[in-house]
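Student: Contents are CSV, C-alpha atoms and all ligand atoms; file name start_2.csv:
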```
chain,number,residue,atom,x,y,z
A,265,MET,CA,55.4,-25.5,57.3
A,266,ASN,CA,52.2,-23.4,57.4
A,267,ILE,CA,50.1,-24.3,60.4
A,268,LEU,CA,46.5,-23.4,61.0
A,269,VAL,CA,44.7,-24.0,64.2
A,270,ILE,CA,40.9,-24.1,63.8
A,271,LYS,CA,38.6,-24.1,66.9
A,272,CYS,CA,35.3,-25.5,65.9
A,273,GLY,CA,32.5,-24.5,68.3
A,274,GLY,CA,29.9,-26.9,69.7
A,275,SER,CA,27.4,-24.3,68.5
A,276,ILE,CA,28.2,-25.2,64.9
A,277,ILE,CA,29.6,-28.8,64.7
A,278,ASN,CA,26.2,-30.3,63.9
A,279,GLU,CA,25.5,-27.6,61.3
A,280,LEU,CA,28.7,-27.2,59.4
A,281,SER,CA,28.0,-26.2,55.8
A,282,GLU,CA,29.4,-27.7,52.6
A,283,SER,CA,31.0,-24.3,52.1
A,284,PHE,CA,32.9,-24.8,55.4
A,285,PHE,CA,34.5,-28.0,54.1
A,286,ASN,CA,35.2,-26.4,50.7
A,287,SER,CA,37.1,-23.6,52.6
A,288,ILE,CA,39.1,-26.3,54.5
A,289,LYS,CA,40.0,-28.0,51.3
A,290,GLU,CA,41.0,-24.8,49.7
A,291,LEU,CA,43.3,-24.0,52.6
A,292,GLN,CA,44.9,-27.5,52.5
A,293,ASN,CA,45.5,-27.0,48.8
A,294,ARG,CA,47.3,-23.9,49.6
A,295,GLY,CA,49.7,-25.9,51.9
A,296,TYR,CA,48.2,-25.4,55.4
A,297,HIS,CA,48.5,-28.2,57.9
A,298,ILE,CA,45.4,-28.0,60.1
A,299,VAL,CA,44.8,-28.9,63.7
A,300,PHE,CA,41.1,-28.8,64.8
A,301,VAL,CA,40.2,-28.2,68.5
A,302,HIS,CA,36.5,-28.7,69.1
A,303,GLY,CA,33.9,-27.7,71.7
A,304,GLY,CA,30.5,-29.2,72.4
A,305,GLY,CA,28.8,-26.9,74.8
A,306,PRO,CA,25.2,-27.3,73.5
A,307,ASP,CA,25.4,-31.1,73.5
A,308,ILE,CA,26.8,-31.1,77.0
A,309,ASN,CA,23.9,-28.9,78.1
A,310,SER,CA,21.3,-31.3,76.5
A,311,MET,CA,22.8,-34.3,78.3
A,312,LEU,CA,22.9,-32.4,81.6
A,313,GLU,CA,19.3,-31.6,81.1
A,314,LYS,CA,18.5,-35.3,80.7
A,315,PHE,CA,20.2,-35.9,84.0
A,316,GLU,CA,18.3,-32.9,85.5
A,317,ILE,CA,21.5,-31.1,86.2
A,318,GLU,CA,21.4,-27.3,85.8
A,319,PRO,CA,24.4,-25.9,83.7
A,320,VAL,CA,26.2,-23.1,85.6
A,321,PHE,CA,28.6,-20.7,83.8
A,322,GLU,CA,30.9,-18.0,85.2
A,323,ASP,CA,32.1,-15.6,82.4
A,324,GLY,CA,31.6,-18.4,79.8
A,325,LEU,CA,33.3,-21.2,81.8
A,326,ARG,CA,31.2,-24.1,83.0
A,327,LYS,CA,31.3,-24.9,86.7
A,328,THR,CA,32.4,-28.5,86.6
A,329,THR,CA,31.6,-30.9,89.5
A,330,THR,CA,32.8,-34.5,89.4
A,331,GLU,CA,29.4,-35.5,88.1
A,332,VAL,CA,29.4,-32.8,85.4
A,333,LEU,CA,33.0,-33.7,84.3
A,334,GLU,CA,31.9,-37.2,83.4
A,335,ILE,CA,29.1,-35.9,81.2
A,336,VAL,CA,31.5,-33.3,79.7
A,337,GLU,CA,34.0,-36.0,78.7
A,338,LEU,CA,31.3,-38.3,77.5
A,339,MET,CA,29.8,-35.7,75.2
A,340,LEU,CA,33.0,-34.1,74.0
A,341,ALA,CA,35.1,-37.2,73.4
A,342,GLY,CA,32.2,-39.5,72.7
A,343,LYS,CA,30.0,-37.3,70.5
A,344,SER,CA,31.5,-34.0,69.3
A,345,ASN,CA,34.9,-35.4,68.5
A,346,ARG,CA,33.4,-38.4,66.6
A,347,SER,CA,30.9,-36.2,64.7
A,348,LEU,CA,33.7,-33.8,63.5
A,349,VAL,CA,36.0,-36.6,62.5
A,350,HIS,CA,33.2,-38.4,60.6
A,351,LYS,CA,32.2,-35.3,58.8
A,352,LEU,CA,35.8,-34.4,57.8
A,353,GLU,CA,36.5,-37.9,56.5
A,354,ALA,CA,33.2,-37.9,54.6
A,355,HIS,CA,34.4,-34.8,52.8
A,356,GLY,CA,37.7,-36.4,51.9
A,357,ILE,CA,39.7,-34.6,54.7
A,358,LYS,CA,42.0,-37.1,56.5
A,359,ALA,CA,41.3,-36.7,60.2
A,360,VAL,CA,42.3,-38.5,63.5
A,361,GLY,CA,40.5,-37.9,66.8
A,362,LEU,CA,42.6,-37.3,69.9
A,363,ASN,CA,41.8,-36.5,73.5
A,364,GLY,CA,43.9,-33.9,75.3
A,365,SER,CA,45.3,-36.6,77.6
A,366,ASP,CA,46.4,-38.9,74.7
A,367,GLY,CA,50.2,-38.9,74.5
A,368,GLY,CA,50.2,-36.1,77.1
A,369,ILE,CA,49.1,-33.5,74.6
A,370,LEU,CA,47.5,-31.1,77.1
A,371,THR,CA,48.7,-30.6,80.6
A,372,GLY,CA,46.9,-28.1,82.7
A,373,ASP,CA,46.1,-26.8,86.2
A,374,TYR,CA,43.0,-25.6,88.0
A,375,ILE,CA,41.9,-22.0,87.4
A,376,ASP,CA,40.0,-21.6,90.7
A,377,GLU,CA,38.9,-25.0,92.1
A,378,GLN,CA,36.8,-23.4,94.8
A,379,LYS,CA,34.8,-21.4,92.3
A,380,LEU,CA,34.8,-23.5,89.1
A,381,GLY,CA,35.6,-27.0,90.2
A,382,ALA,CA,37.6,-29.1,87.7
A,383,VAL,CA,38.1,-26.4,85.2
A,384,GLY,CA,41.6,-25.9,83.9
A,385,GLU,CA,43.9,-23.8,81.9
A,386,ILE,CA,46.7,-25.2,79.8
A,387,GLN,CA,50.2,-25.1,81.1
A,388,GLN,CA,51.9,-27.2,78.5
A,389,VAL,CA,51.2,-28.7,75.0
A,390,ASN,CA,53.1,-31.7,73.7
A,391,THR,CA,53.0,-31.2,69.9
A,392,GLU,CA,54.9,-34.4,69.0
A,393,LEU,CA,51.8,-36.4,67.8
A,394,PHE,CA,50.6,-33.4,65.6
A,395,GLY,CA,54.0,-33.5,63.8
A,396,LEU,CA,53.7,-37.2,63.1
A,397,LEU,CA,50.1,-36.8,61.8
A,398,PHE,CA,51.0,-33.8,59.6
A,399,GLU,CA,53.8,-35.9,58.0
A,400,LYS,CA,51.2,-38.4,56.7
A,401,GLY,CA,48.7,-35.7,55.7
A,402,TYR,CA,46.2,-36.1,58.7
A,403,CYS,CA,44.4,-33.4,60.6
A,404,PRO,CA,44.5,-34.0,64.3
A,405,VAL,CA,41.0,-33.3,65.9
A,406,LEU,CA,41.5,-32.6,69.6
A,407,THR,CA,39.1,-32.8,72.5
A,408,PRO,CA,40.0,-30.2,75.1
A,409,ILE,CA,40.1,-32.4,78.2
A,410,SER,CA,43.4,-32.1,79.9
A,411,SER,CA,45.3,-33.7,82.8
A,412,THR,CA,47.0,-32.1,85.7
A,413,GLU,CA,50.6,-33.2,86.5
A,414,GLU,CA,49.1,-35.4,89.2
A,415,GLY,CA,46.8,-37.0,86.6
A,416,ASN,CA,43.5,-35.4,87.5
A,417,LYS,CA,41.1,-34.6,84.7
A,418,LEU,CA,40.2,-31.0,83.8
A,419,ASN,CA,37.5,-29.5,81.7
A,420,VAL,CA,39.1,-26.8,79.5
A,421,ASN,CA,37.2,-24.3,77.5
A,422,ALA,CA,37.8,-25.2,73.9
A,423,ASP,CA,38.6,-21.6,72.8
A,424,MET,CA,41.4,-21.5,75.5
A,425,ALA,CA,42.7,-24.9,74.5
A,426,ALA,CA,42.8,-23.9,70.9
A,427,GLY,CA,44.7,-20.7,71.8
A,428,SER,CA,47.3,-22.8,73.8
A,429,VAL,CA,47.7,-25.2,70.8
A,430,ALA,CA,48.2,-22.3,68.4
A,431,LYS,CA,50.9,-20.7,70.6
A,432,ALA,CA,52.7,-24.0,71.2
A,433,LEU,CA,52.8,-24.7,67.4
A,434,SER,CA,53.7,-21.0,66.7
A,435,ALA,CA,50.8,-21.4,64.2
A,436,ASP,CA,50.6,-19.0,61.2
A,437,MET,CA,46.9,-18.6,61.8
A,438,CYS,CA,44.2,-19.3,64.4
A,439,LEU,CA,40.5,-19.3,63.4
A,440,PHE,CA,37.5,-19.6,65.8
A,441,VAL,CA,34.6,-21.1,63.8
A,442,THR,CA,31.2,-20.5,65.4
A,443,ASP,CA,27.5,-20.0,64.6
A,444,VAL,CA,27.8,-16.2,63.9
A,445,GLN,CA,29.7,-14.4,61.2
A,446,GLY,CA,32.0,-12.8,63.8
A,447,VAL,CA,31.7,-10.3,66.6
A,448,LEU,CA,28.5,-8.4,66.2
A,449,LYS,CA,27.3,-5.0,67.6
A,450,ASN,CA,23.6,-4.1,67.0
A,451,GLY,CA,23.4,-7.1,64.6
A,452,GLN,CA,26.2,-5.8,62.4
A,453,ILE,CA,29.5,-7.6,62.0
A,454,ILE,CA,32.6,-5.8,63.2
A,455,GLU,CA,35.3,-6.6,60.6
A,456,LYS,CA,38.4,-5.4,62.6
A,457,LEU,CA,38.9,-5.2,66.4
A,458,ASN,CA,41.9,-4.3,68.5
A,459,GLU,CA,42.4,-5.0,72.3
A,460,THR,CA,40.9,-1.7,73.6
A,461,GLU,CA,37.9,-1.9,71.4
A,462,THR,CA,37.3,-5.5,72.4
A,463,LYS,CA,37.6,-4.8,76.1
A,464,ASN,CA,35.1,-1.9,75.7
A,465,LEU,CA,32.6,-4.2,74.0
A,466,ILE,CA,32.9,-6.7,76.9
A,467,MET,CA,32.5,-3.8,79.5
A,468,ASP,CA,29.4,-2.5,77.8
A,469,GLY,CA,27.9,-6.0,77.5
A,470,SER,CA,27.9,-6.1,73.7
A,471,ILE,CA,30.2,-9.2,74.0
A,472,HIS,CA,28.9,-11.7,76.5
A,473,GLY,CA,28.6,-15.4,77.3
A,474,GLY,CA,30.6,-17.8,75.2
A,475,MET,CA,32.0,-14.9,73.1
A,476,ILE,CA,34.0,-13.7,76.1
A,477,PRO,CA,36.6,-16.6,76.3
A,478,LYS,CA,36.7,-16.5,72.5
A,479,VAL,CA,37.7,-12.9,72.1
A,480,ASN,CA,40.0,-13.0,75.2
A,481,THR,CA,41.8,-16.1,73.7
A,482,ALA,CA,41.9,-14.3,70.3
A,483,LEU,CA,43.7,-11.4,71.9
A,484,SER,CA,46.1,-13.5,73.8
A,485,VAL,CA,47.0,-15.5,70.7
A,486,LEU,CA,47.6,-12.2,68.8
A,487,ASN,CA,49.8,-11.0,71.6
A,488,LYS,CA,52.0,-14.1,71.1
A,489,GLY,CA,52.8,-13.0,67.6
A,490,ILE,CA,50.3,-15.0,65.6
A,491,GLU,CA,49.2,-12.4,63.1
A,492,GLU,CA,46.1,-13.9,61.5
A,493,VAL,CA,43.5,-14.4,64.2
A,494,MET,CA,39.8,-14.4,63.3
A,495,ILE,CA,36.3,-15.4,64.4
A,496,VAL,CA,34.4,-16.8,61.4
A,497,SER,CA,31.2,-18.6,60.7
A,498,GLY,CA,30.9,-22.3,60.0
A,499,LYS,CA,27.6,-21.7,58.2
A,500,ASP,CA,29.1,-20.1,55.1
A,501,HIS,CA,32.3,-19.9,53.2
A,502,PHE,CA,34.8,-18.3,55.6
A,503,TYR,CA,37.6,-18.4,53.0
A,504,GLN,CA,37.2,-17.9,49.3
A,505,GLY,CA,39.7,-16.8,46.6
A,506,GLY,CA,42.3,-16.0,49.2
A,507,GLN,CA,40.1,-13.8,51.4
A,508,PHE,CA,38.8,-14.5,54.9
A,509,ILE,CA,35.3,-13.4,56.0
A,510,GLY,CA,34.7,-12.6,59.7
A,511,THR,CA,36.2,-10.5,62.5
A,512,LYS,CA,39.9,-10.0,62.3
A,513,PHE,CA,41.9,-9.1,65.5
A,514,LEU,CA,44.6,-6.4,65.1
A,515,GLN,CA,47.4,-5.2,67.2
A,516,GLU,CA,46.9,-1.7,68.7
A,517,GLU,CA,48.5,1.0,66.5
A,518,GLY,CA,52.0,1.7,67.8
A,519,VAL,CA,52.4,-1.7,69.5
A,520,PHE,CA,55.1,-3.8,67.8
A,521,GLN,CA,56.1,-7.3,68.5
B,601,LIG,N1,29.0,-9.5,70.4
B,601,LIG,C1,28.7,-10.7,70.1
B,601,LIG,N2,28.7,-11.0,68.8
B,601,LIG,C2,28.4,-12.3,68.3
B,601,LIG,N3,28.0,-13.3,69.2
B,601,LIG,C3,27.9,-13.0,70.5
B,601,LIG,C4,28.3,-11.7,71.0
B,601,LIG,N4,28.1,-11.7,72.4
B,601,LIG,C5,27.7,-13.0,72.7
B,601,LIG,N5,27.6,-13.7,71.6
B,601,LIG,C6,27.1,-15.1,71.6
B,601,LIG,O1,28.2,-16.0,71.5
B,601,LIG,C7,27.8,-17.1,70.8
B,601,LIG,C8,29.0,-17.9,70.3
B,601,LIG,O2,29.7,-18.4,71.5
B,601,LIG,P1,29.4,-19.9,71.9
B,601,LIG,O3,27.9,-20.1,72.0
B,601,LIG,O4,30.3,-20.2,73.1
B,601,LIG,O5,29.8,-20.7,70.6
B,601,LIG,P2,30.9,-21.8,70.3
B,601,LIG,O6,30.2,-23.1,70.8
B,601,LIG,O7,31.0,-21.8,68.8
B,601,LIG,O8,32.1,-21.6,71.0
B,601,LIG,C9,26.9,-16.6,69.7
B,601,LIG,O9,26.0,-17.5,69.1
B,601,LIG,C10,26.2,-15.5,70.4
B,601,LIG,O10,25.0,-16.0,71.0
B,602,LIG,C1,35.4,-25.0,81.1
B,602,LIG,C2,34.4,-25.1,80.0
B,602,LIG,O1,33.6,-24.2,79.9
B,602,LIG,N1,34.5,-26.1,79.1
B,602,LIG,C3,33.6,-26.2,78.0
B,602,LIG,C4,34.2,-27.2,77.1
B,602,LIG,C5,33.5,-27.3,75.8
B,602,LIG,C6,33.5,-26.0,75.0
B,602,LIG,O2,34.3,-25.1,75.2
B,602,LIG,O3,32.5,-25.9,74.0
B,602,LIG,P1,32.1,-24.7,73.1
B,602,LIG,O4,33.3,-24.4,72.3
B,602,LIG,O5,31.0,-25.2,72.3
B,602,LIG,O6,31.7,-23.6,74.0
B,602,LIG,C7,32.2,-26.7,78.5
B,602,LIG,O7,32.1,-27.5,79.4
B,602,LIG,O8,31.2,-26.3,77.8
```
Show this structure as structure tokens.

Tutor:
Amino acid sequence: MNILVIKCGGSIINELSESFFNSIKELQNRGYHIVFVHGGGPDINSMLEKFEIEPVFEDGLRKTTTEVLEIVELMLAGKSNRSLVHKLEAHGIKAVGLNGSDGGILTGDYIDEQKLGAVGEIQQVNTELFGLLFEKGYCPVLTPISSTEEGNKLNVNADMAAGSVAKALSADMCLFVTDVQGVLKNGQIIEKLNETETKNLIMDGSIHGGMIPKVNTALSVLNKGIEEVMIVSGKDHFYQGGQFIGTKFLQEEGVFQ
């Protein structure tokens, strides 16, 4: 079974192009089973603004108080997930929305409760429901809210959640769909990146903000043996005639799995 995990960023959910859906259909026709993991950062920020709460980020991760967590879940599960499922279905792609806590899909733990509040990283992924949905031709669409073993809710960065899902499924491919064509430097797309080059771009500030968890997750997924890991745009065709368009992450030369 060919499995593809697609992380769909909040930056692009409301602006996904027709070409994006055509690319998804082309991949399904080529036999890929697809799991979507979505974000929703901009919608969360808009709602926080309405409540006059200032969004605070540390290296791309949202500081999550109890009050913020309620708004995060409201927007992610109530808006972003619904929008993506509606759009997929409207394009003839069978989709079912799930929260990370449904059927115990995502179990996590706090990263640094003191510094970030209720922000987690994934410790375990229960893939059983994905298998059941794949059998009937549905794409699971997952909100990255997780539970701790004690049942506390955690806000998990959607890039990191997608990476954990890709690893748990031993996916053939993991794509991060966002609002830019890939990793850019001086406005130009970088087509191929290895770990050292990526770390240097973070150090010199060329990669910043929400791109940091994305590239770090891309590298960690690659290091787990998933060979096709890319950042692509949801504004255009990211796949056409068997070719992907975006930034592809590559193992360092001389490093073998
Ligand atoms: N080197 C870079 N190349 C491209 N985008 C970058 C880079 N560094 C930071 N970014 C920012 O990262 C954003 C994508 O991350 P983010 O806003 O978190 O998107 P998403 O919601 O899709 O996860 C881009 O729109 C851009 O503003
Ligand atoms: C801990 C943390 O940062 N969680 C993210 C979850 C949503 C997300 O990752 O959305 P994007 O993919 O649009 O960035 C947040 O609260 O914004």

Student: Pick from A:Gln388, A:Thr328, A:Thr511, A:Thr481: nearest to Met494 of chain A, with only C-alpha atoms counted?

Tutor: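 Looking only at the distances to Met494 of chain A, the closest residue turns out to be A:Thr511.
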
Student: Could you tell me which of A:Gly368, A:Ile335, A:Ile471, A:Lys512 comes closest to Ser310 of chain A if we count all atoms listed in the file?

Tutor: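 Closest to Ser310 of chain A of all the choices is A:Ile335.
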
Student: Between A:Ile288, A:Asn278, A:Phe394, A:Leu406, which is the closest to ligand LIG 601 (chain B) once you count all atoms listed in the file?

Tutor: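 Under the stated criterion, the closest residue is A:Asn278.
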
Student: Suppose you want the space between atom CA of Leu280 of chain A and atom C3 of ligand LIG 602 (chain B); what is it in Å?

Tutor: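 Taking atom CA of Leu280 of chain A and atom C3 of ligand LIG 602 (chain B), their separation equals 19.3 Å.
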
Student: Leaving out Gln387 of chain A and any residue of its chain fewer than 3 positions from it, which residues lie within 8 Å of it when counting all atoms listed in the file, given as an mmCIF file with C-alpha atoms, in the frame of the given file?

Tutor:
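Everything below was put into result-v3.cif:
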```
data_model
loop_
_atom_site.group_PDB
_atom_site.id
_atom_site.type_symbol
_atom_site.label_atom_id
_atom_site.label_comp_id
_atom_site.auth_asym_id
_atom_site.auth_seq_id
_atom_site.Cartn_x
_atom_site.Cartn_y
_atom_site.Cartn_z
ATOM 1 C CA LEU A 370 47.500 -31.100 77.100
ATOM 2 C CA THR A 371 48.700 -30.600 80.600
ATOM 3 C CA GLY A 372 46.900 -28.100 82.700
ATOM 4 C CA ASP A 373 46.100 -26.800 86.200
#
```
